[in-house]
Amino acid sequence: MTKHIFVTGGVVSSLGKGLTAASVALLLQRRGYKVKLQKLDPYLNVDPGTMSPFQHGEVYVTDDGAETDLDLGHYERFTGNPCSQQSNFTTGRIYSSVISREREGGYLGKTVQVIPHITNEIKDAIYSLDGEDADIVITEIGGTVGDIESLPFLEAIRQVRQDIGHDNTMYMHITLVPYIRAAGELKTKPSQQSVGILRSIGIFPDILVCRCERSMEREHREKLALFCNVPLNLVVEEKDVAHTIYEVPLELAAQDLDVYVLERLKMHVHRLDIADWRAMVKRYIEPTQGEVTIAVVGKYIGLQDSYKSIYEALTHAGIKNNVRVNVRMVESEDIEAKGASALLDGVTGVLVPGGFGDRGIEGKIEAIRFAREEGVPFFGICLGMQCAVIEFARHVCGLSDAHSSEFSPNSPHPVIDLMDAQKEITDMGGTMRLGAYPCVLIAGTRAQALYGKTEISERHRHRYEFNNACKDELTAKGLVLSGLSPDHGLVEMVELPTHPWFVACQFHPEFQSTPLKSHPIFAGFVAAALAKREEGTAAGAKMGSSHAA
Ligand code: GLN
């Protein structure tokens, strides 16, 4: 029988519920259990695919093509297990299936109501992960307890305990214990109140995970235990970590959170095997090779969450290469105003990530031109590859009006163009080329050397593609098409062999990078950045000595 852990959040949003859920999953997994994760989001969008990254952060894409919440990225990075369509449900998705069933006459004349019809649909979503390959399912409820929108979800998880019993369910409430500077004290009252809200709707938390910037004293934990009716050892502290989010599971393990969870769920407590994770964190904290600076040139730079998986994948590549990766976030519009050399000076790598819409496009193209001409390692992802192709067509092939038909529908040289299959589609949600597709790598290319194999699978999220009508013109000038769809109909990777390191891909490799297994393209890119730094240092040293002479 699959056991269920529900993670709720109290007091404020942004407590890192996703990270906590992912950390608990990792620990339970490393105690020998099969764990699956899921997020229920109370908003009305059917999925976050249509939302601006400024609203919602990055849209994370699963192998089976779901456009999902970025917390699923944490789930995959911590556990190494792929998520699926079943890993993220929103109010919009729940309601749209209930409403379409109603239209089909599926409720046999009944009045369709929040309880039981919506709550049953939510419970079906929760149970959809049950099975032999899930000893435990951890379900995170988005939003904060007390929000009107999350009530049906909370009611559904309350009913789950009625359905499957006390020993098979657990409620983990993540809450904030703020430090009030003026009083010089940590305050437990907000947590007591949010537990109060949960209790008023029939949920009695089993574990409190207290987010705090300073350590709690025993008296705080005793107070919370007493007022919230939770055993003292189940009031766990989750203090802000010093170096990296990957320390969170280690901090929770130090308090035996995973042991208490298993005991409470009446499951055997096997030995915890987490040495590799510990070693990875140590490598992150103490890199032996110093640091490199990589510019990420995008249009959603203002919000840290917009390129979440990219920043994480760079971190993983740093861990792999034993080097700290500093990211210089560059707003592509600033490049249009101030020029690439002013903003990219001193960086040892340039990454142009994915995106939509024409704002800042010319700045990205400028940044790529700078990297190509200056021999700075360049990595383009999705829109970043499309911009690299446009840049090459314009400045190497002399097609000065080359563009993507996304931005210039009448361009005489649409080097990036809409796929035929996409031309008739008018719906915005879930209609792109989404999810994992196979790709073959061409022997002798850098791409093939990076992966060390010729057949790969990577995740996509885009409408536009490299235009094969321009293939001969671009390849004649030296652009190498290094990755193709198996039927050779679609260009998935390009590179420039005459450049120290210039690689771009139509897919999103960042979604498959984990701290224990850095993605090969990211790893290669950071290694190239390190080589570039060494070259710069060597040149600097040479210049220094010639000055001395
Ligand atoms: N806007 C481009 C397209 O739809 C690129 C998308 C992306 O970078 N994810 O093809």
# chains A, B, ... in the order shown; residues from 1 in each chain; ligands from 1

call {"tool": "select_by_dssp", "arguments": {"residues": "stretch 167-322 of chain A", "states": "alpha helix (DSSP H)", "output": "ChimeraX atom specification"}}
result
/A:189-200,218-228,248-254,257-264,275-285,308-321

call {"tool": "residues_around", "arguments": {"residues": "A:Ile361", "least_positions_apart": "6", "cutoff": "9 Å", "atoms": "only C-alpha atoms", "output": "ChimeraX atom specification"}}
result
/A:298-299,332-333,336,387,407

call {"tool": "closest_atom_pairs", "arguments": {"of": "chain A", "to": "ligand 1", "cutoff": "6 Å", "atoms": "only C-alpha atoms and all ligand atoms", "output": "tab-separated table"}}
result
residue	atom	partner	partner_atom_place_in_ligand_line	distance
A:Gly354	CA	ligand 1	8 (O)	3.1
A:Gly355	CA	ligand 1	8 (O)	4.0
A:Phe356	CA	ligand 1	1 (N)	4.0
A:Cys382	CA	ligand 1	8 (O)	4.1
A:Leu383	CA	ligand 1	8 (O)	3.8
A:Arg461	CA	ligand 1	9 (N)	5.0
A:His462	CA	ligand 1	4 (O)	3.7
A:Arg463	CA	ligand 1	4 (O)	3.9
A:Tyr464	CA	ligand 1	10 (O)	3.5

call {"tool": "residues_around", "arguments": {"residues": "A:Glu185", "least_positions_apart": "4", "cutoff": "12 Å", "atoms": "only C-alpha atoms", "output": "PyMOL selection string"}}
result
chain A and resi 177-181+189+212-217+219-220

call {"tool": "select_by_dssp", "arguments": {"residues": "stretch 37-244 of chain A", "states": "strand (DSSP E)", "output": "ChimeraX atom specification"}}
result
/A:37-41,60-61,67-68,88-90,136-141,169-176,179-180,185-186,207-212,235-239

call {"tool": "residues_around", "arguments": {"residues": "A:Asn120", "least_positions_apart": "3", "cutoff": "12 Å", "atoms": "only C-alpha atoms", "output": "PyMOL selection string"}}
result
chain A and resi 94-95+97-98+112-117+123-128+152-153+155-160+163

call {"tool": "closest_residue", "arguments": {"among": "A:Asp420, A:Glu465, A:Asp240, A:Asp71", "to": "A:Met493", "atoms": "only C-alpha atoms"}}
result
A:Glu465

call {"tool": "atom_distance", "arguments": {"atom1": "atom CA of A:Val440", "atom2": "atom CA of A:Gly483"}}
result
5.6 Å

call {"tool": "residues_around", "arguments": {"residues": "A:Glu473", "least_positions_apart": "3", "cutoff": "9 Å", "atoms": "only C-alpha atoms", "output": "MDAnalysis selection string"}}
result
chainID A and resid 393 397 469:470 476:477

call {"tool": "write_last_selection", "arguments": {"atoms": "C-alpha atoms", "output": "compact mmCIF listing (two decimals), in the first residue's frame"}}
result
# COMPACT_ATOMS: atom_id res chain seq x y z
CA ALA A 393 23.44 34.02 -41.26
CA CYS A 397 26.85 34.50 -44.61
CA ALA A 469 15.83 25.63 -46.85
CA CYS A 470 18.85 27.61 -45.57
CA ALA A 476 28.92 26.10 -46.71
CA LYS A 477 30.24 28.87 -44.44

call {"tool": "residues_around", "arguments": {"residues": "stretch 521-537 of chain A", "least_positions_apart": "2", "cutoff": "7 Å", "atoms": "only C-alpha atoms", "output": "PyMOL selection string"}}
result
chain A and resi 292+313-314+317-318+320-321+348-349+377+379+450+501+518-519+539-541
